[in-house]
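This is coords-v9.txt (compact mmCIF, C-alpha atoms).
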```
# COMPACT_ATOMS: atom_id res chain seq x y z
CA MET A 6 325.39 -70.26 206.85
CA ALA A 7 327.84 -72.87 205.69
CA LYS A 8 331.57 -72.29 205.92
CA ILE A 9 333.17 -73.85 202.90
CA THR A 10 336.65 -74.16 201.48
CA ILE A 11 336.97 -74.83 197.78
CA THR A 12 340.11 -74.76 195.68
CA VAL A 13 339.18 -72.99 192.45
CA ASN A 14 341.69 -72.98 189.60
CA GLY A 15 344.42 -73.78 192.09
CA VAL A 16 343.53 -71.04 194.59
CA LYS A 17 341.99 -71.94 197.95
CA HIS A 18 338.93 -69.91 198.94
CA THR A 19 337.20 -70.06 202.30
CA LYS A 20 333.82 -68.33 202.52
CA ALA A 21 330.65 -68.41 204.54
CA VAL A 22 327.66 -68.83 202.23
CA GLU A 23 323.98 -69.52 202.62
CA ASP A 24 323.44 -73.28 202.66
CA ARG A 25 321.22 -73.08 199.57
CA THR A 26 323.87 -71.28 197.48
CA LEU A 27 324.43 -73.09 194.22
CA LEU A 28 327.99 -73.78 193.13
CA VAL A 29 327.51 -71.63 190.02
CA ASN A 30 326.40 -68.66 192.13
CA PHE A 31 329.33 -69.19 194.47
CA LEU A 32 331.72 -69.05 191.51
CA ARG A 33 330.08 -66.06 189.85
CA ASP A 34 328.89 -63.93 192.75
CA GLU A 35 331.36 -64.75 195.51
CA LEU A 36 334.51 -65.21 193.42
CA GLY A 37 333.62 -63.04 190.42
CA LEU A 38 334.37 -65.87 188.00
CA THR A 39 331.65 -64.99 185.52
CA GLY A 40 333.01 -67.14 182.71
CA THR A 41 330.80 -69.95 183.99
CA HIS A 42 327.40 -69.08 182.60
CA VAL A 43 323.85 -69.72 183.75
CA GLY A 44 321.90 -70.60 180.64
CA CYS A 45 318.76 -72.55 181.43
CA ASP A 46 319.16 -72.91 185.19
CA THR A 47 317.41 -76.29 184.85
CA SER A 48 320.45 -78.55 184.24
CA GLN A 49 319.74 -78.99 180.56
CA CYS A 50 322.00 -76.58 178.66
CA GLY A 51 325.39 -77.29 180.22
CA CYS A 52 326.60 -73.65 180.04
CA CYS A 53 327.50 -73.90 183.73
CA THR A 54 329.75 -76.95 183.30
CA VAL A 55 332.83 -76.96 185.52
CA HIS A 56 335.07 -79.75 186.77
CA VAL A 57 334.78 -80.88 190.38
CA ASN A 58 337.64 -83.17 191.38
CA GLY A 59 338.32 -83.76 187.71
CA ARG A 60 334.77 -84.65 186.62
CA ALA A 61 332.51 -82.41 184.52
CA VAL A 62 329.36 -81.38 186.38
CA LYS A 63 326.61 -78.80 185.97
CA SER A 64 327.34 -76.23 188.64
CA CYS A 65 323.73 -74.98 188.64
CA THR A 66 322.64 -78.37 189.96
CA MET A 67 324.94 -78.66 192.94
CA VAL A 68 324.92 -76.66 196.14
CA ALA A 69 328.26 -75.06 196.87
CA ALA A 70 328.46 -76.93 200.17
CA GLN A 71 328.57 -80.21 198.22
CA ALA A 72 331.83 -79.01 196.69
CA ASN A 73 333.36 -78.23 200.09
CA GLY A 74 336.89 -79.60 200.18
CA THR A 75 337.05 -80.27 196.44
CA SER A 76 339.14 -78.87 193.66
CA VAL A 77 337.15 -77.01 191.00
CA VAL A 78 338.34 -75.94 187.56
CA THR A 79 336.38 -73.33 185.61
CA ILE A 80 336.91 -71.88 182.15
CA GLU A 81 339.13 -69.23 183.74
CA GLY A 82 341.52 -71.99 184.81
CA MET A 83 342.09 -73.34 181.30
CA ALA A 84 344.41 -70.78 179.68
CA LYS A 85 347.92 -70.57 181.13
CA LYS A 86 349.80 -67.27 181.14
CA ASN A 87 347.83 -65.75 178.27
CA LYS A 88 348.29 -68.90 176.21
CA LEU A 89 345.00 -70.46 175.23
CA HIS A 90 344.35 -74.03 176.29
CA PRO A 91 344.51 -76.32 173.22
CA ILE A 92 340.72 -76.77 173.39
CA GLN A 93 340.20 -73.00 173.41
CA GLN A 94 342.62 -72.70 170.52
CA ALA A 95 340.74 -75.37 168.56
CA PHE A 96 337.36 -73.68 169.16
CA SER A 97 338.87 -70.43 167.92
CA GLU A 98 340.51 -71.98 164.85
CA CYS A 99 337.46 -74.03 163.86
CA HIS A 100 334.99 -71.22 164.58
CA GLY A 101 333.26 -73.50 167.07
CA LEU A 102 331.11 -70.66 168.35
CA GLN A 103 329.01 -67.75 167.24
CA CYS A 104 327.57 -65.80 170.16
CA GLY A 105 329.87 -67.63 172.58
CA PHE A 106 327.40 -68.01 175.41
CA CYS A 107 327.59 -71.81 175.49
CA THR A 108 331.32 -71.91 174.81
CA PRO A 109 332.71 -72.09 178.37
CA GLY A 110 330.44 -75.07 179.04
CA MET A 111 331.27 -76.65 175.69
CA ILE A 112 334.98 -76.34 176.41
CA MET A 113 334.69 -77.80 179.91
CA ALA A 114 332.51 -80.65 178.60
CA THR A 115 335.02 -81.26 175.80
CA ALA A 116 337.83 -81.38 178.35
CA GLY A 117 335.83 -83.97 180.30
CA LEU A 118 335.14 -86.03 177.21
CA LEU A 119 338.75 -86.02 176.01
CA LYS A 120 340.01 -86.99 179.45
CA ASP A 121 337.94 -90.20 179.25
CA ASN A 122 338.37 -90.71 175.53
CA PRO A 123 341.36 -88.92 173.95
CA ASN A 124 340.41 -89.89 170.40
CA PRO A 125 336.62 -89.94 170.08
CA THR A 126 334.72 -90.81 166.92
CA GLU A 127 332.14 -88.35 165.60
CA GLU A 128 329.39 -90.45 167.20
CA GLU A 129 331.22 -90.40 170.54
CA ILE A 130 331.57 -86.62 170.31
CA TYR A 131 327.80 -86.27 169.81
CA LYS A 132 327.22 -88.46 172.86
CA GLY A 133 329.95 -86.73 174.84
CA LEU A 134 328.38 -83.31 174.33
CA GLU A 135 324.80 -84.47 174.89
CA GLY A 136 324.62 -82.39 178.04
CA ASN A 137 325.39 -79.12 176.26
CA LEU A 138 323.17 -77.00 174.04
CA CYS A 139 324.24 -74.44 171.44
CA ARG A 140 321.55 -72.34 169.79
CA CYS A 141 323.73 -70.76 167.06
CA THR A 142 326.22 -73.02 165.38
CA GLY A 143 324.24 -76.11 164.51
CA TYR A 144 327.10 -77.99 166.19
CA ILE A 145 329.02 -78.71 162.97
CA ASN A 146 331.98 -76.50 163.86
CA ILE A 147 331.81 -77.51 167.49
CA VAL A 148 332.31 -81.13 166.48
CA LYS A 149 335.18 -80.04 164.24
CA ALA A 150 336.68 -78.13 167.16
CA VAL A 151 336.47 -81.18 169.40
CA LYS A 152 338.25 -83.28 166.77
CA ARG A 153 340.89 -80.58 166.44
CA SER A 154 341.21 -80.37 170.24
CA ALA A 155 341.82 -84.10 170.41
CA LYS A 156 344.58 -83.80 167.85
CA LEU A 157 346.22 -80.84 169.59
CA LEU A 158 346.06 -82.57 172.95
CA ARG A 159 347.66 -85.68 171.48
CA GLY A 160 350.50 -83.45 170.30
CA LYS A 161 349.53 -83.42 166.63
CA HIS A 162 349.21 -80.19 164.67
CA MET B 28 315.25 -72.70 196.37
CA TYR B 29 313.78 -72.04 199.80
CA ALA B 30 316.23 -71.57 202.63
CA LEU B 31 317.37 -74.82 204.20
CA LYS B 32 320.29 -76.27 206.09
CA TYR B 33 322.91 -78.53 204.57
CA VAL B 34 324.42 -81.28 206.69
CA GLN B 35 326.98 -83.91 205.87
CA PRO B 36 326.80 -86.91 208.20
CA LYS B 37 329.93 -89.00 208.61
CA SER B 38 328.17 -92.36 208.42
CA VAL B 39 324.90 -93.97 207.35
CA LYS B 40 324.14 -94.47 211.03
CA GLU B 41 324.51 -90.75 211.69
CA ALA B 42 322.36 -89.95 208.63
CA ALA B 43 319.62 -92.30 209.82
CA ALA B 44 319.67 -90.76 213.28
CA PHE B 45 319.45 -87.28 211.79
CA LEU B 46 316.47 -88.26 209.62
CA ALA B 47 314.72 -89.80 212.62
CA ALA B 48 315.15 -86.56 214.57
CA ASN B 49 314.20 -84.30 211.65
CA PRO B 50 311.17 -85.69 209.83
CA GLU B 51 311.17 -82.91 207.21
CA ALA B 52 314.82 -83.43 206.26
CA LYS B 53 315.62 -85.00 202.92
CA LEU B 54 318.47 -87.21 201.77
CA LEU B 55 320.70 -85.77 199.07
CA SER B 56 322.68 -88.15 196.91
CA GLY B 57 323.63 -87.12 193.36
CA GLY B 58 320.96 -84.41 193.47
CA MET B 59 320.11 -84.73 189.79
CA THR B 60 316.38 -84.78 190.51
CA LEU B 61 316.28 -83.27 193.98
CA ILE B 62 318.18 -80.03 193.27
CA PRO B 63 316.01 -79.12 190.22
CA THR B 64 312.92 -79.96 192.31
CA LEU B 65 314.09 -77.63 195.07
CA LYS B 66 314.92 -74.89 192.58
CA GLN B 67 311.37 -75.07 191.29
CA ARG B 68 310.19 -74.83 194.89
CA LEU B 69 308.25 -78.05 194.54
CA ALA B 70 309.63 -79.28 197.85
CA ARG B 71 310.58 -77.55 201.06
CA PRO B 72 312.76 -79.77 203.24
CA THR B 73 314.27 -78.34 206.41
CA HIS B 74 317.63 -79.98 205.75
CA LEU B 75 319.59 -81.61 202.97
CA VAL B 76 321.37 -84.63 204.39
CA ASP B 77 324.21 -85.26 201.96
CA ILE B 78 325.17 -88.94 201.87
CA SER B 79 326.85 -88.81 198.46
CA GLN B 80 330.35 -88.77 199.86
CA LEU B 81 330.03 -91.75 202.19
CA ALA B 82 332.60 -94.35 201.16
CA GLU B 83 330.56 -97.11 202.81
CA LEU B 84 327.86 -96.60 200.13
CA ALA B 85 330.19 -96.57 197.13
CA LYS B 86 331.37 -100.16 196.97
CA ILE B 87 330.86 -102.34 193.88
CA GLU B 88 331.69 -106.04 194.18
CA VAL B 89 330.64 -109.56 193.26
CA LYS B 90 329.75 -111.52 196.36
CA ALA B 91 328.02 -114.90 196.75
CA GLY B 92 326.71 -115.04 193.20
CA LYS B 93 325.46 -111.47 193.24
CA LEU B 94 326.66 -108.18 191.85
CA VAL B 95 326.41 -105.75 194.75
CA VAL B 96 326.27 -102.07 193.83
CA GLY B 97 326.45 -99.53 196.65
CA ALA B 98 323.66 -96.93 196.65
CA GLY B 99 326.18 -94.12 196.27
CA ALA B 100 327.73 -95.52 193.08
CA ARG B 101 327.59 -92.85 190.37
CA HIS B 102 326.22 -93.76 186.96
CA HIS B 103 329.61 -93.08 185.37
CA THR B 104 331.28 -95.42 187.85
CA VAL B 105 328.80 -98.22 187.14
CA ALA B 106 329.10 -97.64 183.38
CA THR B 107 332.87 -97.95 183.44
CA SER B 108 333.35 -100.46 186.27
CA ALA B 109 335.29 -103.54 185.17
CA VAL B 110 333.43 -105.55 187.81
CA VAL B 111 330.00 -104.55 186.46
CA LYS B 112 331.05 -105.00 182.83
CA LYS B 113 332.18 -108.54 183.56
CA ALA B 114 329.27 -109.53 185.81
CA ILE B 115 326.29 -107.92 184.03
CA PRO B 116 327.41 -105.98 180.94
CA ALA B 117 323.83 -104.89 180.20
CA LEU B 118 323.78 -102.99 183.50
CA ALA B 119 326.97 -101.10 182.64
CA GLY B 120 325.47 -100.33 179.22
CA LEU B 121 322.26 -99.05 180.79
CA ALA B 122 324.19 -96.76 183.16
CA ALA B 123 326.13 -95.35 180.19
CA GLU B 124 322.85 -94.28 178.59
CA ILE B 125 321.43 -92.33 181.51
CA GLY B 126 321.06 -88.58 180.95
CA ASP B 127 324.29 -86.96 179.79
CA PRO B 128 327.94 -87.12 180.93
CA GLN B 129 327.56 -84.39 183.56
CA VAL B 130 324.49 -86.10 185.01
CA ARG B 131 326.29 -89.47 185.03
CA ASN B 132 329.16 -87.91 186.98
CA CYS B 133 326.76 -86.99 189.79
CA GLY B 134 323.68 -89.21 189.78
CA THR B 135 323.63 -92.40 191.85
CA ILE B 136 321.85 -95.74 191.62
CA GLY B 137 320.43 -95.36 195.12
CA GLY B 138 318.97 -91.97 194.26
CA SER B 139 317.49 -93.28 191.04
CA VAL B 140 315.71 -96.26 192.54
CA ALA B 141 314.52 -94.32 195.60
CA ASN B 142 313.10 -91.60 193.36
CA ASN B 143 311.46 -94.13 191.00
CA ASP B 144 310.86 -91.71 188.16
CA PRO B 145 308.53 -93.47 185.71
CA ALA B 146 311.01 -92.75 182.89
CA ALA B 147 314.23 -93.60 184.76
CA ASP B 148 316.46 -96.41 183.50
CA TYR B 149 317.66 -98.17 186.65
CA PRO B 150 314.21 -99.37 187.79
CA ALA B 151 314.03 -101.45 184.58
CA ALA B 152 317.31 -103.21 185.44
CA VAL B 153 316.41 -103.70 189.10
CA LEU B 154 313.02 -105.21 188.22
CA GLY B 155 314.22 -107.09 185.14
CA LEU B 156 317.12 -108.71 186.98
CA ASN B 157 314.95 -109.50 190.01
CA ALA B 158 317.36 -107.57 192.23
CA THR B 159 317.01 -106.89 195.93
CA VAL B 160 317.11 -103.39 197.38
CA VAL B 161 318.87 -103.49 200.75
CA THR B 162 318.05 -100.66 203.16
CA THR B 163 318.89 -99.67 206.72
CA LYS B 164 315.76 -101.57 207.80
CA ARG B 165 315.33 -104.60 205.52
CA GLU B 166 315.78 -106.33 202.19
CA ILE B 167 313.10 -105.53 199.61
CA PRO B 168 312.66 -107.62 196.46
CA ALA B 169 312.25 -105.57 193.27
CA ASP B 170 308.71 -106.89 192.71
CA LYS B 171 307.64 -105.27 196.00
CA PHE B 172 309.92 -102.20 195.84
CA PHE B 173 308.47 -100.25 192.91
CA GLN B 174 304.91 -99.13 193.57
CA GLY B 175 304.07 -96.75 190.74
CA MET B 176 304.91 -93.17 189.84
CA PHE B 177 307.59 -91.79 192.21
CA THR B 178 306.42 -94.31 194.81
CA THR B 179 308.42 -97.09 196.44
CA ALA B 180 308.16 -99.39 199.43
CA LEU B 181 310.62 -97.16 201.31
CA ASN B 182 309.36 -95.74 204.60
CA ASP B 183 310.28 -92.35 206.01
CA GLY B 184 313.85 -92.34 207.26
CA GLU B 185 314.75 -95.60 205.51
CA ILE B 186 318.00 -95.35 203.54
CA VAL B 187 318.92 -97.47 200.53
CA LEU B 188 322.32 -99.06 201.20
CA ARG B 189 322.86 -101.16 198.08
CA VAL B 190 321.22 -103.06 195.27
CA GLU B 191 322.02 -106.75 194.90
CA PHE B 192 321.69 -108.12 191.38
CA PRO B 193 321.67 -111.90 190.90
CA LEU B 194 324.10 -112.93 188.19
CA VAL B 195 322.08 -114.03 185.19
CA LYS B 196 322.82 -115.97 182.01
CA ARG B 197 322.08 -113.10 179.71
CA ALA B 198 320.51 -109.66 179.83
CA ALA B 199 319.92 -106.78 177.44
CA TYR B 200 318.44 -103.29 177.60
CA SER B 201 317.08 -101.26 174.75
CA LYS B 202 315.89 -97.71 175.14
CA PHE B 203 314.30 -95.01 173.03
CA HIS B 204 315.71 -91.76 174.37
CA HIS B 205 313.61 -88.68 174.72
CA PRO B 206 315.63 -86.52 172.33
CA ALA B 207 315.84 -83.56 174.71
CA SER B 208 315.91 -84.98 178.22
CA GLY B 209 317.55 -88.33 177.57
CA TYR B 210 314.93 -90.06 179.72
CA ALA B 211 313.38 -93.25 178.39
CA MET B 212 310.28 -92.71 176.24
CA ALA B 213 310.29 -96.48 176.45
CA GLY B 214 313.00 -98.77 177.74
CA VAL B 215 312.84 -102.56 177.92
CA PHE B 216 315.14 -104.72 180.01
CA ILE B 217 315.11 -108.45 179.30
CA ALA B 218 316.94 -110.94 181.50
CA GLN B 219 317.28 -114.68 181.19
CA VAL B 220 317.13 -115.71 184.84
CA ALA B 221 317.43 -119.13 186.49
CA ASP B 222 313.76 -120.01 186.14
CA GLY B 223 312.76 -118.20 182.95
CA VAL B 224 312.76 -114.77 181.41
CA ARG B 225 311.89 -111.40 182.96
CA VAL B 226 310.86 -108.38 180.94
CA ALA B 227 310.73 -104.97 182.64
CA VAL B 228 309.38 -101.87 180.92
CA THR B 229 310.14 -98.28 181.91
CA GLY B 230 309.13 -94.92 180.44
CA ALA B 231 305.79 -96.05 179.05
CA GLY B 232 303.51 -96.54 182.04
CA PRO B 233 303.02 -94.73 185.35
CA GLY B 234 305.92 -96.76 186.70
CA VAL B 235 308.19 -99.64 185.77
CA PHE B 236 306.25 -102.89 185.21
CA ARG B 237 306.73 -106.47 184.01
CA TRP B 238 305.33 -107.45 180.64
CA LYS B 239 304.20 -110.93 181.61
CA GLU B 240 302.98 -111.95 178.14
CA ALA B 241 306.44 -111.24 176.72
CA GLU B 242 308.09 -113.16 179.56
CA ALA B 243 306.03 -116.26 178.75
CA ALA B 244 306.69 -115.97 175.01
CA LEU B 245 310.43 -115.36 175.36
CA ALA B 246 310.78 -118.27 177.78
CA LYS B 247 309.82 -120.50 174.85
CA SER B 248 311.95 -118.70 172.28
CA LEU B 249 314.29 -115.77 172.88
CA LYS B 250 313.97 -114.56 169.30
CA PRO B 251 312.31 -111.21 168.57
CA ALA B 252 309.70 -113.01 166.45
CA ALA B 253 308.31 -114.53 169.65
CA LEU B 254 307.00 -111.06 170.58
CA GLU B 255 304.85 -110.59 167.49
CA GLY B 256 301.18 -109.97 168.13
CA LEU B 257 301.47 -110.32 171.92
CA LYS B 258 298.94 -108.63 174.15
CA LEU B 259 300.26 -105.43 175.78
CA ASN B 260 297.93 -103.62 178.14
CA SER B 261 298.60 -99.96 177.45
CA SER B 262 295.42 -98.53 178.99
CA ASN B 263 297.39 -96.68 181.70
CA PHE B 264 300.33 -95.63 179.51
CA ASN B 265 301.53 -92.03 179.57
CA SER B 266 300.14 -89.84 176.83
CA ASP B 267 301.67 -86.41 176.45
CA MET B 268 303.02 -83.90 173.95
CA HIS B 269 306.07 -86.08 173.38
CA ALA B 270 304.31 -89.33 172.59
CA ASP B 271 300.73 -90.50 172.80
CA ARG B 272 299.65 -93.79 174.34
CA GLU B 273 299.58 -95.78 171.10
CA TYR B 274 303.00 -94.51 170.05
CA ARG B 275 304.49 -95.45 173.40
CA ALA B 276 302.91 -98.90 173.16
CA ASN B 277 304.54 -99.34 169.77
CA LEU B 278 307.88 -98.16 171.16
CA VAL B 279 307.67 -100.80 173.88
CA ARG B 280 307.21 -103.50 171.23
CA VAL B 281 310.10 -102.15 169.15
CA MET B 282 312.45 -101.79 172.13
CA ALA B 283 311.52 -105.28 173.38
CA GLY B 284 312.31 -106.62 169.91
CA ARG B 285 315.67 -104.90 169.89
CA ALA B 286 316.56 -106.15 173.36
CA ALA B 287 315.54 -109.69 172.37
CA ALA B 288 317.66 -109.37 169.23
CA LYS B 289 320.65 -108.38 171.35
CA LEU B 290 320.06 -111.43 173.55
CA SER B 291 319.61 -113.95 170.79
CA GLY B 292 322.03 -112.37 168.36
CA LYS B 293 319.19 -112.46 165.79
CA LYS B 294 317.49 -109.60 164.00
```
Let me see whether you can do it: turn the structure in this file into structure tokens.
Amino acid sequence: MAKITITVNGVKHTKAVEDRTLLVNFLRDELGLTGTHVGCDTSQCGCCTVHVNGRAVKSCTMVAAQANGTSVVTIEGMAKKNKLHPIQQAFSECHGLQCGFCTPGMIMATAGLLKDNPNPTEEEIYKGLEGNLCRCTGYINIVKAVKRSAKLLRGKH
Amino acid sequence: MYALKYVQPKSVKEAAAFLAANPEAKLLSGGMTLIPTLKQRLARPTHLVDISQLAELAKIEVKAGKLVVGAGARHHTVATSAVVKKAIPALAGLAAEIGDPQVRNCGTIGGSVANNDPAADYPAAVLGLNATVVTTKREIPADKFFQGMFTTALNDGEIVLRVEFPLVKRAAYSKFHHPASGYAMAGVFIAQVADGVRVAVTGAGPGVFRWKEAEAALAKSLKPAALEGLKLNSSNFNSDMHADREYRANLVRVMAGRAAAKLSGKK
């Protein structure tokens, strides 16, 4: 067993887990944060995207012990006091989802993209979301939502 | 994943000692290949020895005419490093095209070259730029390092410390992405080095290789036209559901042409 301490959405958690526990299973099964989804479980779909020390990663492809001592943000850490995060708001306004399964990962990937590039072109949005799959929307409204997110985050409405 | 133990050594020295004492332990760096392999139960190491957080492996600097990239440097770091962009912009560009953003935030250059996936990008840069892979035991020139599909000159317990790239006049990389995985269906790295031109091809064959005919032709003229009609031995090229042998051979020619066009500024 590995004793690990991870700060998740600002709250410090110390747990003993099996060494082979994946970060996504730690978040879902140990902490009950089921907003982070397991889609493909083969690091292709990006549904499990979370931020570790500020960088977007696929939490199904990292053992929890690797995240020991880090600060993790999941989809549950985005909204503040019942107020949607601007990216969540944009996805809602632009109908950037249908079934919603990929959405937590899309939002975390979008947050990662906009941190590096606050005003991406359409091409850069395609590249920035390359690690995330959506099987419903055809991506058109997701790209719109990312553009809208960028505007909201830059303080434009 | 089978049960295993995770350990995090505090230094390369400690990691090397651990590997020597535990022959079935495996090094973990970015984990972008290793973790999926373990999840598929294709490997069963006793321990994961995580060296990804060792600061001594993360350094990127220009030293004595060489760009030195620590084995633990993440793809995102290499892609955005001002030092790399200035020294060998083609290398930063290559790193920016690996996988997807999440993969680039984790994967490392040391992991990529040690794994030597036949469709990985870094081996093309390491071979094309005639780089040297420095390990805990020795210095290995690129021409001796890569030995075919998932095979390198590395011995058991040997750890890649850094890759040293000679600064070159010009270099360019052109890649045809597999549309789903992002791996290279064919990627060609061309570098104008001190004594000629080197052309390294990844994605097409069982491992990265030098296209000698193209090197000779481009040494005379760097223009894409120099590549026309050249011999390309594709007898051992990969042939699968994504691309057959002939298609891959054509991709190599097209990617080489594009890389040459980038170098010469000509279409």
- prompt: Counting only C-alpha atoms, which residues from chain A have an atom at most 7 Å from any atom of chain B, and could you show them as a count of residues only?
  reply: 12
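In terms of minimum interatomic distance to Leu245 (chain B), B:Ala287 ranks closest within B:Ala287, B:Asp222, B:Ala114, B:Tyr274, counting only C-alpha atoms.
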- request: Give me the residues within 7 Å of region 253-270 of chain B as a PyMOL selection string, counting all atoms listed in the file and dropping any in the same chain fewer than 5 places off.
  value: chain B and resi 231-233+240-241+244-245+248+275-276+284
field: Straight-line distance linking CA of Ile130 (chain A) with CA of Ile92 (chain A), stated in Å to one decimal
entry: 13.8 Å
- request: Counting only C-alpha atoms, find the residues whose atoms lie at most 9 Å from (327.6, -67.7, 197.3) (file coordinates) and write them out as a PyMOL selection string.
  value: chain A and resi 20-36+69
Expected file contents, prior selection, C-alpha atoms, as a compact mmCIF listing (two decimals), in the frame of the given file:
```
# COMPACT_ATOMS: atom_id res chain seq x y z
CA LYS A 20 333.82 -68.33 202.52
CA ALA A 21 330.65 -68.41 204.54
CA VAL A 22 327.66 -68.83 202.23
CA GLU A 23 323.98 -69.52 202.62
CA ASP A 24 323.44 -73.28 202.66
CA ARG A 25 321.22 -73.08 199.57
CA THR A 26 323.87 -71.28 197.48
CA LEU A 27 324.43 -73.09 194.22
CA LEU A 28 327.99 -73.78 193.13
CA VAL A 29 327.51 -71.63 190.02
CA ASN A 30 326.40 -68.66 192.13
CA PHE A 31 329.33 -69.19 194.47
CA LEU A 32 331.72 -69.05 191.51
CA ARG A 33 330.08 -66.06 189.85
CA ASP A 34 328.89 -63.93 192.75
CA GLU A 35 331.36 -64.75 195.51
CA LEU A 36 334.51 -65.21 193.42
CA ALA A 69 328.26 -75.06 196.87
```
- request: Compare A:Lys88, A:Lys8, A:Lys120, A:His42 by their minimum atom-to-atom distance to Ala155 (chain A), counting only C-alpha atoms, and give me the closest one.
  value: A:Lys120
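If you look at CA of Glu83 (chain B) and CA of Val187 (chain B), they are 11.9 Å away from each other.
Across the structure, CA of Cys65 (chain A) and CA of Val43 (chain A) are spaced 7.2 Å apart.
Distances to Val281 (chain B) were evaluated for B:Ala243, B:Ala152, B:Met212, B:Lys93 using all atoms listed in the file, and the minimum falls at B:Met212.
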task: Determine the nearest neighbour of Asn58 (chain A) from the options A:Asn14, A:Asn146, A:Gln93, A:Thr19, counting all atoms listed in the file.
output: A:Asn14
Give as an mmCIF file with C-alpha atoms, keeping the file's coordinate frame the set of residues within 10 Å of the point (331.6, -102.3, 187.6), where distances use the file's coordinates and all atoms listed in the file.
```
data_model
loop_
_atom_site.group_PDB
_atom_site.id
_atom_site.type_symbol
_atom_site.label_atom_id
_atom_site.label_comp_id
_atom_site.auth_asym_id
_atom_site.auth_seq_id
_atom_site.Cartn_x
_atom_site.Cartn_y
_atom_site.Cartn_z
ATOM 1 C CA LYS B 86 331.370 -100.160 196.970
ATOM 2 C CA ILE B 87 330.860 -102.340 193.880
ATOM 3 C CA GLU B 88 331.690 -106.040 194.180
ATOM 4 C CA VAL B 89 330.640 -109.560 193.260
ATOM 5 C CA LEU B 94 326.660 -108.180 191.850
ATOM 6 C CA VAL B 95 326.410 -105.750 194.750
ATOM 7 C CA VAL B 96 326.270 -102.070 193.830
ATOM 8 C CA ALA B 100 327.730 -95.520 193.080
ATOM 9 C CA HIS B 103 329.610 -93.080 185.370
ATOM 10 C CA THR B 104 331.280 -95.420 187.850
ATOM 11 C CA VAL B 105 328.800 -98.220 187.140
ATOM 12 C CA ALA B 106 329.100 -97.640 183.380
ATOM 13 C CA THR B 107 332.870 -97.950 183.440
ATOM 14 C CA SER B 108 333.350 -100.460 186.270
ATOM 15 C CA ALA B 109 335.290 -103.540 185.170
ATOM 16 C CA VAL B 110 333.430 -105.550 187.810
ATOM 17 C CA VAL B 111 330.000 -104.550 186.460
ATOM 18 C CA LYS B 112 331.050 -105.000 182.830
ATOM 19 C CA LYS B 113 332.180 -108.540 183.560
ATOM 20 C CA ALA B 114 329.270 -109.530 185.810
ATOM 21 C CA ILE B 115 326.290 -107.920 184.030
ATOM 22 C CA PRO B 116 327.410 -105.980 180.940
ATOM 23 C CA LEU B 118 323.780 -102.990 183.500
ATOM 24 C CA ALA B 119 326.970 -101.100 182.640
#
```
message: Just want the 12 Å neighbourhood of Pro168 (chain B), counted on all atoms listed in the file, with same-chain residues fewer than 5 positions away dropped. Output as a PyMOL selection string.
response: chain B and resi 153-162+173-174+179-181+190-193
Dump as a JSON list (two decimals), in the frame of the given file, selection limited to C-alpha atoms:
```
[["chain", "number", "residue", "atom", "x", "y", "z"],
["B", 153, "VAL", "CA", 316.41, -103.70, 189.10],
["B", 154, "LEU", "CA", 313.02, -105.21, 188.22],
["B", 155, "GLY", "CA", 314.22, -107.09, 185.14],
["B", 156, "LEU", "CA", 317.12, -108.71, 186.98],
["B", 157, "ASN", "CA", 314.95, -109.50, 190.01],
["B", 158, "ALA", "CA", 317.36, -107.57, 192.23],
["B", 159, "THR", "CA", 317.01, -106.89, 195.93],
["B", 160, "VAL", "CA", 317.11, -103.39, 197.38],
["B", 161, "VAL", "CA", 318.87, -103.49, 200.75],
["B", 162, "THR", "CA", 318.05, -100.66, 203.16],
["B", 173, "PHE", "CA", 308.47, -100.25, 192.91],
["B", 174, "GLN", "CA", 304.91, -99.13, 193.57],
["B", 179, "THR", "CA", 308.42, -97.09, 196.44],
["B", 180, "ALA", "CA", 308.16, -99.39, 199.43],
["B", 181, "LEU", "CA", 310.62, -97.16, 201.31],
["B", 190, "VAL", "CA", 321.22, -103.06, 195.27],
["B", 191, "GLU", "CA", 322.02, -106.75, 194.90],
["B", 192, "PHE", "CA", 321.69, -108.12, 191.38],
["B", 193, "PRO", "CA", 321.67, -111.90, 190.90]]
```
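Counting only C-alpha atoms, the residue from B:Ala98, B:Val195, B:Val228, B:Ala288 that sits nearest to Glu242 (chain B) is B:Val228.
For the set A:Asn87, A:Ala70, A:Ser48, A:Thr54, the residue with the smallest atom-to-atom gap to Met6 (chain A) is A:Ala70, counting all atoms listed in the file.
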Quick one: region 117-121 of chain B with N, CA and C atoms, as an mmCIF file, keeping the file's coordinate frame?
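Once written, rebuild_3.cif looks like this:
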```cif
data_model
loop_
_atom_site.group_PDB
_atom_site.id
_atom_site.type_symbol
_atom_site.label_atom_id
_atom_site.label_comp_id
_atom_site.auth_asym_id
_atom_site.auth_seq_id
_atom_site.Cartn_x
_atom_site.Cartn_y
_atom_site.Cartn_z
ATOM 1 N N ALA B 117 325.021 -105.682 180.554
ATOM 2 C CA ALA B 117 323.830 -104.890 180.200
ATOM 3 C C ALA B 117 323.585 -103.777 181.214
ATOM 4 N N LEU B 118 323.978 -104.008 182.460
ATOM 5 C CA LEU B 118 323.780 -102.990 183.500
ATOM 6 C C LEU B 118 324.749 -101.826 183.298
ATOM 7 N N ALA B 119 325.996 -102.154 182.931
ATOM 8 C CA ALA B 119 326.970 -101.100 182.640
ATOM 9 C C ALA B 119 326.492 -100.296 181.424
ATOM 10 N N GLY B 120 325.965 -101.002 180.426
ATOM 11 C CA GLY B 120 325.470 -100.330 179.220
ATOM 12 C C GLY B 120 324.295 -99.419 179.527
ATOM 13 N N LEU B 121 323.411 -99.874 180.400
ATOM 14 C CA LEU B 121 322.260 -99.050 180.790
ATOM 15 C C LEU B 121 322.737 -97.779 181.491
#
```
